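So the structure is just underneath, and the comments pick up after that.
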Amino acid sequence: RMIDIKSRLARYEIAVAKFYIEREAYVSAANRGRYIVKYYSPSAEVEEALEIMIDCYDKLGLDDLKQNARQVLAANYPENSLVRN
């Protein structure tokens, strides 16, 4: 039950991050992604949170943070399409 609750909260944070991306508030979206990675690991939503972080950091021109997020994604989810590119 607790795992389900944790996952539901993480999905809510993902929805908020996507809302911020639609509004071009990339810093806020990246912060939501970082929050998911920090507080909801391990959960299925962490992979999507890392993808959001990579996208936002790319749009903000923060290459070091983008590379760090991509390395974490590659280490934990080697089959992800962003890792293979």
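In the structure tokens, chains take the letters A, B, ... in the order shown, each chain's residues start at 1, and ligands count up from 1 in the order shown.
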
Residues near Asp58 (chain A), cut-off 12 Å, only C-alpha atoms, skip fewer than 4 positions along chain, as an mmCIF file with N, CA, C and O atoms, in the first residue's frame:
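Below you can see part25.cif, which holds the result:
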data_model
loop_
_atom_site.group_PDB
_atom_site.id
_atom_site.type_symbol
_atom_site.label_atom_id
_atom_site.label_comp_id
_atom_site.auth_asym_id
_atom_site.auth_seq_id
_atom_site.Cartn_x
_atom_site.Cartn_y
_atom_site.Cartn_z
ATOM 1 N N TYR A 26 11.003 26.009 -17.326
ATOM 2 C CA TYR A 26 11.901 24.867 -17.322
ATOM 3 C C TYR A 26 12.641 24.686 -16.000
ATOM 4 O O TYR A 26 12.908 23.554 -15.597
ATOM 5 N N VAL A 27 12.954 25.749 -15.326
ATOM 6 C CA VAL A 27 13.636 25.629 -14.035
ATOM 7 C C VAL A 27 12.725 24.925 -13.030
ATOM 8 O O VAL A 27 13.154 24.010 -12.314
ATOM 9 N N ALA A 30 12.440 21.210 -13.957
ATOM 10 C CA ALA A 30 13.658 20.480 -13.592
ATOM 11 C C ALA A 30 13.722 20.265 -12.080
ATOM 12 O O ALA A 30 14.130 19.199 -11.615
ATOM 13 N N GLU A 51 14.308 11.992 -17.459
ATOM 14 C CA GLU A 51 14.085 12.453 -18.828
ATOM 15 C C GLU A 51 13.644 13.915 -18.837
ATOM 16 O O GLU A 51 14.095 14.705 -19.675
ATOM 17 N N ILE A 52 12.773 14.269 -17.915
ATOM 18 C CA ILE A 52 12.320 15.656 -17.808
ATOM 19 C C ILE A 52 13.486 16.568 -17.467
ATOM 20 O O ILE A 52 13.648 17.646 -18.054
ATOM 21 N N MET A 53 14.319 16.133 -16.544
ATOM 22 C CA MET A 53 15.482 16.947 -16.162
ATOM 23 C C MET A 53 16.411 17.165 -17.354
ATOM 24 O O MET A 53 16.873 18.287 -17.591
ATOM 25 N N ILE A 54 16.674 16.106 -18.114
ATOM 26 C CA ILE A 54 17.557 16.226 -19.278
ATOM 27 C C ILE A 54 16.978 17.205 -20.294
ATOM 28 O O ILE A 54 17.689 18.074 -20.812
ATOM 29 N N LEU A 62 22.105 24.243 -19.873
ATOM 30 C CA LEU A 62 22.935 23.819 -18.740
ATOM 31 C C LEU A 62 23.525 22.449 -19.055
ATOM 32 O O LEU A 62 23.036 21.404 -18.619
ATOM 33 N N ASP A 63 24.612 22.461 -19.822
ATOM 34 C CA ASP A 63 25.170 21.218 -20.344
ATOM 35 C C ASP A 63 25.750 20.313 -19.264
ATOM 36 O O ASP A 63 25.637 19.087 -19.363
ATOM 37 N N ASP A 64 26.377 20.868 -18.228
ATOM 38 C CA ASP A 64 26.946 20.034 -17.171
ATOM 39 C C ASP A 64 25.855 19.273 -16.417
ATOM 40 O O ASP A 64 25.984 18.072 -16.166
ATOM 41 N N LEU A 65 24.789 19.974 -16.069
ATOM 42 C CA LEU A 65 23.681 19.315 -15.374
ATOM 43 C C LEU A 65 22.991 18.294 -16.273
ATOM 44 O O LEU A 65 22.571 17.228 -15.819
ATOM 45 N N LYS A 66 22.897 18.613 -17.549
ATOM 46 C CA LYS A 66 22.303 17.686 -18.509
ATOM 47 C C LYS A 66 23.128 16.401 -18.582
ATOM 48 O O LYS A 66 22.580 15.304 -18.546
ATOM 49 N N GLN A 67 24.441 16.536 -18.647
ATOM 50 C CA GLN A 67 25.319 15.363 -18.700
ATOM 51 C C GLN A 67 25.229 14.541 -17.425
ATOM 52 O O GLN A 67 25.226 13.316 -17.471
ATOM 53 N N ASN A 68 25.163 15.210 -16.275
ATOM 54 C CA ASN A 68 25.044 14.488 -15.007
ATOM 55 C C ASN A 68 23.745 13.683 -14.965
ATOM 56 O O ASN A 68 23.750 12.520 -14.558
ATOM 57 N N ALA A 69 22.644 14.301 -15.370
ATOM 58 C CA ALA A 69 21.360 13.599 -15.376
ATOM 59 C C ALA A 69 21.392 12.436 -16.368
ATOM 60 O O ALA A 69 20.863 11.359 -16.093
ATOM 61 N N ARG A 70 22.028 12.638 -17.510
ATOM 62 C CA ARG A 70 22.126 11.569 -18.509
ATOM 63 C C ARG A 70 22.974 10.403 -17.990
ATOM 64 O O ARG A 70 22.666 9.244 -18.237
#

- [ ] Grab the CA of Glu24 (chain A) to CA of Pro78 (chain A) distance for me, in Å with one decimal place.
- [x]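 So the two atoms, CA of Glu24 (chain A) and CA of Pro78 (chain A), lie 28.4 Å apart.
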
Task: Two-atom distance - CA of Phe19 (chain A), CA of Ser81 (chain A) (Å) - done: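 One can read the CA of Phe19 (chain A) to CA of Ser81 (chain A) distance as 22.6 Å.
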
Task: region 34-41 of chain A surroundings by only C-alpha atoms, 10 Å radius, close-in-sequence under 3 positions cut, as an MDAnalysis selection string - done: chainID A and resid 3 6:7 9:14 28:31 44:50 52:53 69

Task: Distance of CA of Asp4 (chain A) from CA of Glu79 (chain A), expressed in Å to one decimal place - done: 24.5 Å

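Using only C-alpha atoms, the smallest distance between any of A:Ala17, A:Leu82, A:Ala25, A:Ala75 and Leu60 (chain A) comes from A:Ala25.
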
Task: Backbone DSSP call of alpha helix (DSSP H) for chain A, listed as number ranges by chain - done: A: 2-22, 26-39, 45-60, 63-76, 81-84
